[in-house]
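Heads up, the thing below is written out as structure tokens.
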Amino acid sequence: MAIAATSRAEAAAGGGFLAHQALYDLSLLKSRGSSSISSARGRILYSFSGSACEGYTSEFRQVSEMDGGDDKVTLSDLRSSSWEDAAGKTYRFKIDSRMNDVDQGPVDGVAERVGDHITVKLKQPQVKTFNLDGSVVFPTEQIEHIIAAAKEGKSILEQTVYDGSDNGEKVFNTMAVIGQPIRGDQTIASPDPSTESDVMKSTTRWPVTVSYFDHDAKPQDGEQTPVYAMSFELFENGVSRALVLDYNDFVISGALGKFNVKDSKPCK
């Protein structure tokens with residue numbers, strides 16, 4: 001056990017992403033305007049594994065219950081799995097979602113970077129092939145670029161992202177706002193399993209807010225409202241804590257309840 005823990009610590013310290021599993025407890029932070037959401041609860045289970053030589057695998061599940069009053073409760077269950085090679089050339093994804101026990105239809109496909117463009121081949125919800133601009137990045141690549149920008153002291157990073165969400169054809173323009181670095185040895189007001197982990201204690205993190213905009217929508221009056229925004233503290237090894245999910249009408253908090261470092265194979 002000690003040898004395994006040491007090898008994981010060395011892998012984390014040596015750069016790259018840390019293989020881990022994180023459980024976030026969801027709760028309603030605030031409602032805005034005409035939102036009828038009076039309470040919310042749920043969980044996100046996120047599992048990340050792989051390496052720069054074998055690619056990265058992500059497993060994600062979010063189950064949430066929204067109470068709109070008058071017995072209007074919405075139960076949603078979103079599951080996704082993906083694999084992305086470290087060079088950002090290939091992205092395979094599968095997404096399943098249910099709303100009040102009604103299947104919303106699966107999304108299944110693969111995106112390949114070919115020359116100056118990306119070719120997406122969908123199996124579901126329908127067989128379809130289309131191209132995206134070569135400047136588009138995939139989710140793990142997106143985080144990698146944010147960490148690189150943070151280390152360079154940049155405060156703003158704009159990227160166009162494809163993650164296979166919605167019907168598999170959605171592309172988002174994103175803007176990441178990066179705050180000042182937080183050293184691992186700094187005192188923290190609200191510790192959680194990630195900040196208390198021996199592997200993480202010397203790891204720098206940054207407060208980050210990423211706003212997601214509809215790539216195809218035309219801004220009104222010169223300003224575009226994001227579809228949603230995510231705020232979190234991002235560690236330099238890819239782990240996130242202190243999630244805040246802003247859906248405009250309401251805001252959900254995601255507190256890190258459990259955190260486990262997973263075994264990973266070093267590149268040969």
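Labeling convention for the structure tokens: chains A, B, ... as they appear, residues from 1 per chain, ligands from 1 in order of appearance.
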Handout entry: Shell around Asp192 (chain A) at 10 Å using only C-alpha atoms, local window under 6 positions removed, as a list in words
Key = Arg241, Ala242, Ala255, Leu256, Gly257, Lys258 and Phe259 of chain A
Generate the output file for the selected residues, all heavy atoms, as a PDB file, in the first residue's frame.
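Output below, filename result.pdb:
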```pdb
ATOM      1  N   ARG A 241     -12.563  20.951  -7.062  1.00  0.00           N
ATOM      2  CA  ARG A 241     -13.309  21.010  -5.812  1.00  0.00           C
ATOM      3  C   ARG A 241     -14.177  22.269  -5.807  1.00  0.00           C
ATOM      4  O   ARG A 241     -14.028  23.135  -6.663  1.00  0.00           O
ATOM      5  CB  ARG A 241     -12.362  21.014  -4.602  1.00  0.00           C
ATOM      6  CG  ARG A 241     -11.563  22.302  -4.449  1.00  0.00           C
ATOM      7  CD  ARG A 241     -10.707  22.320  -3.183  1.00  0.00           C
ATOM      8  NE  ARG A 241     -11.500  22.273  -1.965  1.00  0.00           N
ATOM      9  CZ  ARG A 241     -11.994  23.340  -1.346  1.00  0.00           C
ATOM     10  NH1 ARG A 241     -11.815  24.559  -1.859  1.00  0.00           N
ATOM     11  NH2 ARG A 241     -12.687  23.223  -0.240  1.00  0.00           N
ATOM     12  N   ALA A 242     -15.094  22.358  -4.826  1.00  0.00           N
ATOM     13  CA  ALA A 242     -15.932  23.551  -4.637  1.00  0.00           C
ATOM     14  C   ALA A 242     -16.678  23.931  -5.924  1.00  0.00           C
ATOM     15  O   ALA A 242     -16.588  25.055  -6.418  1.00  0.00           O
ATOM     16  CB  ALA A 242     -15.096  24.720  -4.128  1.00  0.00           C
ATOM     17  N   ALA A 255     -20.483  20.255  -3.266  1.00  0.00           N
ATOM     18  CA  ALA A 255     -19.415  20.108  -2.269  1.00  0.00           C
ATOM     19  C   ALA A 255     -18.774  18.729  -2.410  1.00  0.00           C
ATOM     20  O   ALA A 255     -19.476  17.716  -2.522  1.00  0.00           O
ATOM     21  CB  ALA A 255     -19.982  20.282  -0.869  1.00  0.00           C
ATOM     22  N   LEU A 256     -17.461  18.691  -2.394  1.00  0.00           N
ATOM     23  CA  LEU A 256     -16.746  17.423  -2.534  1.00  0.00           C
ATOM     24  C   LEU A 256     -16.867  16.615  -1.247  1.00  0.00           C
ATOM     25  O   LEU A 256     -16.328  16.996  -0.209  1.00  0.00           O
ATOM     26  CB  LEU A 256     -15.279  17.686  -2.876  1.00  0.00           C
ATOM     27  CG  LEU A 256     -14.407  16.467  -3.192  1.00  0.00           C
ATOM     28  CD1 LEU A 256     -14.985  15.681  -4.348  1.00  0.00           C
ATOM     29  CD2 LEU A 256     -12.990  16.906  -3.521  1.00  0.00           C
ATOM     30  N   GLY A 257     -17.607  15.489  -1.324  1.00  0.00           N
ATOM     31  CA  GLY A 257     -17.851  14.677  -0.138  1.00  0.00           C
ATOM     32  C   GLY A 257     -16.883  13.516   0.015  1.00  0.00           C
ATOM     33  O   GLY A 257     -16.491  13.156   1.125  1.00  0.00           O
ATOM     34  N   LYS A 258     -16.480  12.930  -1.128  1.00  0.00           N
ATOM     35  CA  LYS A 258     -15.538  11.814  -1.096  1.00  0.00           C
ATOM     36  C   LYS A 258     -14.527  11.984  -2.224  1.00  0.00           C
ATOM     37  O   LYS A 258     -14.865  12.453  -3.314  1.00  0.00           O
ATOM     38  CB  LYS A 258     -16.266  10.467  -1.249  1.00  0.00           C
ATOM     39  CG  LYS A 258     -17.136  10.091  -0.064  1.00  0.00           C
ATOM     40  CD  LYS A 258     -17.765   8.716  -0.259  1.00  0.00           C
ATOM     41  CE  LYS A 258     -18.642   8.330   0.931  1.00  0.00           C
ATOM     42  NZ  LYS A 258     -19.273   6.992   0.737  1.00  0.00           N
ATOM     43  N   PHE A 259     -13.291  11.578  -1.947  1.00  0.00           N
ATOM     44  CA  PHE A 259     -12.229  11.702  -2.940  1.00  0.00           C
ATOM     45  C   PHE A 259     -11.256  10.551  -2.768  1.00  0.00           C
ATOM     46  O   PHE A 259     -10.742  10.311  -1.671  1.00  0.00           O
ATOM     47  CB  PHE A 259     -11.504  13.045  -2.761  1.00  0.00           C
ATOM     48  CG  PHE A 259     -10.302  13.202  -3.643  1.00  0.00           C
ATOM     49  CD1 PHE A 259     -10.432  13.517  -4.984  1.00  0.00           C
ATOM     50  CD2 PHE A 259      -9.017  13.025  -3.130  1.00  0.00           C
ATOM     51  CE1 PHE A 259      -9.318  13.656  -5.795  1.00  0.00           C
ATOM     52  CE2 PHE A 259      -7.897  13.161  -3.932  1.00  0.00           C
ATOM     53  CZ  PHE A 259      -8.051  13.482  -5.267  1.00  0.00           C
TER      54      PHE A 259
END
```
All residues 9 Å or closer to Phe17 (chain A), only C-alpha atoms, same chain fewer than 2 positions away omitted, as a short mmCIF file (atom, residue, chain, number, x, y, z; two decimals) with C-alpha atoms, in the first residue's frame:
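The file below, selection_11.cif, is the result:
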```cif
data_model
loop_
_atom_site.label_atom_id
_atom_site.label_comp_id
_atom_site.auth_asym_id
_atom_site.auth_seq_id
_atom_site.Cartn_x
_atom_site.Cartn_y
_atom_site.Cartn_z
CA ALA A 11 2.85 10.69 -10.64
CA ALA A 12 0.87 13.65 -9.33
CA GLY A 15 2.78 16.71 -13.81
CA ALA A 19 -6.38 9.26 -11.78
CA PHE A 48 -11.05 9.81 -14.25
CA SER A 49 -8.25 7.45 -15.26
CA GLY A 50 -5.56 6.92 -17.86
CA SER A 51 -2.29 8.54 -18.83
CA ALA A 52 -0.63 10.53 -21.58
CA TYR A 56 -7.87 9.41 -20.69
CA GLU A 144 -5.23 20.96 -19.99
CA GLU A 236 -2.79 21.52 -11.43
CA ASN A 237 -3.33 17.73 -11.68
CA GLY A 238 -6.89 18.12 -13.03
CA VAL A 239 -8.86 17.53 -9.82
#
```
Exercise for the section: Run DSSP on the backbone and grab whatever in region 151-264 of chain A lands in strand (DSSP E); send it over as number ranges by chain. Expected result: A: 156-161, 172-178, 205-214, 228-235, 240-246, 250-261
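Non-sequential neighbours of Ser38 (chain A) (distance at most 9 Å, separation of 6 or more positions within a chain, only C-alpha atoms) are A:Leu28, A:Lys30, A:Ser31, A:Met66, A:Asp67, A:Gly68, A:Gly69.
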Could you build a table of the residues in region 157-224 of chain A lying no more than 12 Å from region 243-253 of chain A, giving for each the nearest pair of atoms and their separation in Å rounded to one decimal place, using only C-alpha atoms, ordered by chain and ascending residue number, as a tab-separated table?
```
residue	atom	partner	partner_atom	distance
A:Pro207	CA	A:Leu243	CA	10.2
A:Val208	CA	A:Leu243	CA	9.9
A:Thr209	CA	A:Val244	CA	8.9
A:Val210	CA	A:Leu245	CA	9.9
A:Ser211	CA	A:Asp246	CA	9.1
A:Tyr212	CA	A:Tyr247	CA	10.3
A:Phe213	CA	A:Tyr247	CA	11.8
```
Could you build a table of the residues in region 100-148 of chain A lying no more than 6 Å from region 87-93 of chain A, giving for each the nearest pair of atoms and their separation in Å rounded to one decimal place, using only C-alpha atoms, ordered by chain and ascending residue number, as JSON lines?
```
{"residue": "A:Asp108", "atom": "CA", "partner": "A:Phe93", "partner_atom": "CA", "distance": 5.9}
{"residue": "A:Gly109", "atom": "CA", "partner": "A:Phe93", "partner_atom": "CA", "distance": 5.7}
{"residue": "A:Val110", "atom": "CA", "partner": "A:Arg92", "partner_atom": "CA", "distance": 4.3}
{"residue": "A:Ala111", "atom": "CA", "partner": "A:Tyr91", "partner_atom": "CA", "distance": 5.1}
{"residue": "A:Glu112", "atom": "CA", "partner": "A:Thr90", "partner_atom": "CA", "distance": 4.6}
{"residue": "A:Arg113", "atom": "CA", "partner": "A:Lys89", "partner_atom": "CA", "distance": 4.8}
```
Handout entry: Non-local contacts of Leu45 (chain A) (9 Å; only C-alpha atoms; under 2 positions in same chain excluded) as a list in words
Key = Gln21, Ala22, Leu23, Tyr24, Arg43, Ser47, Glu59, Phe60, Arg61, Gln62 and Val63 of chain A
Please write the residues from the selection above to a file, keeping N, CA and C atoms, as a short mmCIF file (atom, residue, chain, number, x, y, z; two decimals), in the first residue's frame.
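The resulting file, part36.cif, is shown below:
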```cif
data_model
loop_
_atom_site.label_atom_id
_atom_site.label_comp_id
_atom_site.auth_asym_id
_atom_site.auth_seq_id
_atom_site.Cartn_x
_atom_site.Cartn_y
_atom_site.Cartn_z
N GLN A 21 -11.30 9.40 -8.25
CA GLN A 21 -12.76 9.35 -8.23
C GLN A 21 -13.25 10.38 -7.21
N ALA A 22 -14.24 11.16 -7.59
CA ALA A 22 -14.76 12.21 -6.71
C ALA A 22 -16.27 12.16 -6.66
N LEU A 23 -16.82 12.35 -5.46
CA LEU A 23 -18.27 12.39 -5.26
C LEU A 23 -18.64 13.77 -4.74
N TYR A 24 -19.52 14.45 -5.47
CA TYR A 24 -19.95 15.79 -5.10
C TYR A 24 -21.41 15.76 -4.64
N ARG A 43 -26.34 14.21 -6.53
CA ARG A 43 -24.93 13.86 -6.46
C ARG A 43 -24.32 13.76 -7.84
N SER A 47 -15.32 9.83 -12.29
CA SER A 47 -14.16 8.95 -12.24
C SER A 47 -13.28 9.24 -13.45
N GLU A 59 -15.70 8.83 -16.56
CA GLU A 59 -17.04 8.30 -16.29
C GLU A 59 -17.74 9.32 -15.40
N PHE A 60 -18.94 9.71 -15.81
CA PHE A 60 -19.66 10.78 -15.11
C PHE A 60 -21.12 10.37 -14.92
N ARG A 61 -21.64 10.61 -13.71
CA ARG A 61 -23.07 10.41 -13.48
C ARG A 61 -23.59 11.51 -12.56
N GLN A 62 -24.64 12.15 -12.98
CA GLN A 62 -25.28 13.18 -12.16
C GLN A 62 -26.76 12.83 -11.98
N VAL A 63 -27.15 12.65 -10.73
CA VAL A 63 -28.55 12.40 -10.39
C VAL A 63 -29.02 13.58 -9.55
#
```
Handout entry: A:Ser82, A:Thr129, A:Ser34, A:Ser240 ranked by distance to Ile147 (chain A), top pick (using only C-alpha atoms)
Key = A:Ser240
Completion exercise
The distance between CA of Ile188 (chain A) and CA of Gln142 (chain A) is 27.0 Å
Fill in the blank from the handout: Taken to one decimal, the CA of Leu26 (chain A)-CA of Arg41 (chain A) distance is 5.2 Å
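Look at region 181-185 of chain A: the protein and nucleic acid residues within 10 Å of it, using only C-alpha atoms and passing over chain neighbours fewer than 5 places away, are Ala150, Lys151, Gly153, Thr195, Glu196, Met200, Lys201, Ser202, Thr203, Thr204, Arg205, Trp206, Pro207, Glu233, Leu234, Phe235 and Glu236 of chain A.
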Exercise for the section: Give the answer as one residue: which of A:Ser36, A:Ser76, A:Asn100, A:Asn260 has the shortest atom-to-atom distance to Ser194 (chain A), using only C-alpha atoms? Expected result: A:Asn260
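Between CA of Tyr46 (chain A) and CA of Thr74 (chain A) there is a distance of 22.0 Å.
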Exercise for the section: Go through region 23-256 of chain A and collect every residue that DSSP, computed from the backbone, puts in alpha helix (DSSP H); the answer should be as a ChimeraX atom specification. Expected result: /A:139-151
Handout entry: Gly105 (chain A) surroundings by only C-alpha atoms, 12 Å radius, close-in-sequence under 4 positions cut, as JSON, numbers by chain
Key = {"A": [78, 79, 94, 95, 96, 97, 98, 99, 101, 123, 124, 125, 126, 165, 166, 167, 168]}
Same residues, N, CA, C and O atoms, output as a compact mmCIF listing (two decimals), in the first residue's frame:
```
# COMPACT_ATOMS: atom_id res chain seq x y z
N LEU A 78 -28.25 11.68 -15.53
CA LEU A 78 -27.38 11.82 -16.69
C LEU A 78 -26.13 10.97 -16.50
O LEU A 78 -25.47 11.06 -15.46
N ARG A 79 -25.82 10.14 -17.48
CA ARG A 79 -24.63 9.31 -17.44
C ARG A 79 -23.84 9.53 -18.72
O ARG A 79 -24.41 9.58 -19.81
N LYS A 94 -20.24 8.42 -25.09
CA LYS A 94 -21.57 7.83 -24.96
C LYS A 94 -22.30 8.59 -23.86
O LYS A 94 -21.76 8.75 -22.77
N ILE A 95 -23.51 9.04 -24.13
CA ILE A 95 -24.27 9.81 -23.16
C ILE A 95 -25.70 9.26 -23.10
O ILE A 95 -26.34 9.06 -24.14
N ASP A 96 -26.17 8.99 -21.89
CA ASP A 96 -27.54 8.55 -21.66
C ASP A 96 -28.18 9.46 -20.63
O ASP A 96 -27.55 9.79 -19.62
N SER A 97 -29.41 9.88 -20.87
CA SER A 97 -30.09 10.75 -19.92
C SER A 97 -31.56 10.35 -19.78
O SER A 97 -32.19 9.91 -20.75
N ARG A 98 -32.07 10.51 -18.56
CA ARG A 98 -33.47 10.24 -18.26
C ARG A 98 -34.03 11.41 -17.48
O ARG A 98 -33.36 12.00 -16.64
N MET A 99 -35.29 11.74 -17.78
CA MET A 99 -35.99 12.79 -17.06
C MET A 99 -37.32 12.23 -16.57
O MET A 99 -38.16 11.83 -17.38
N ASP A 101 -37.86 9.37 -15.30
CA ASP A 101 -37.91 7.99 -15.78
C ASP A 101 -38.22 7.85 -17.27
O ASP A 101 -38.51 6.75 -17.75
N LYS A 123 -23.43 7.57 -34.16
CA LYS A 123 -24.22 6.35 -34.31
C LYS A 123 -25.64 6.59 -33.81
O LYS A 123 -26.60 6.06 -34.34
N GLN A 124 -25.75 7.38 -32.74
CA GLN A 124 -27.02 7.75 -32.15
C GLN A 124 -26.96 9.21 -31.72
O GLN A 124 -25.87 9.72 -31.44
N PRO A 125 -28.07 9.95 -31.70
CA PRO A 125 -29.46 9.53 -31.90
C PRO A 125 -29.81 9.16 -33.33
O PRO A 125 -30.83 8.54 -33.58
N GLN A 126 -28.95 9.55 -34.27
CA GLN A 126 -29.13 9.12 -35.65
C GLN A 126 -27.76 9.03 -36.31
O GLN A 126 -26.81 9.69 -35.88
N SER A 165 -22.47 16.68 -26.14
CA SER A 165 -23.71 16.85 -25.37
C SER A 165 -24.89 17.20 -26.27
O SER A 165 -24.75 17.43 -27.47
N ASP A 166 -26.07 17.25 -25.65
CA ASP A 166 -27.35 17.46 -26.33
C ASP A 166 -27.54 16.35 -27.36
O ASP A 166 -27.56 15.18 -27.03
N ASN A 167 -27.66 16.67 -28.62
CA ASN A 167 -27.90 15.65 -29.64
C ASN A 167 -26.61 15.20 -30.32
O ASN A 167 -26.64 14.54 -31.35
N GLY A 168 -25.47 15.57 -29.75
CA GLY A 168 -24.20 15.21 -30.35
C GLY A 168 -23.70 16.20 -31.38
O GLY A 168 -22.64 16.00 -31.98
```
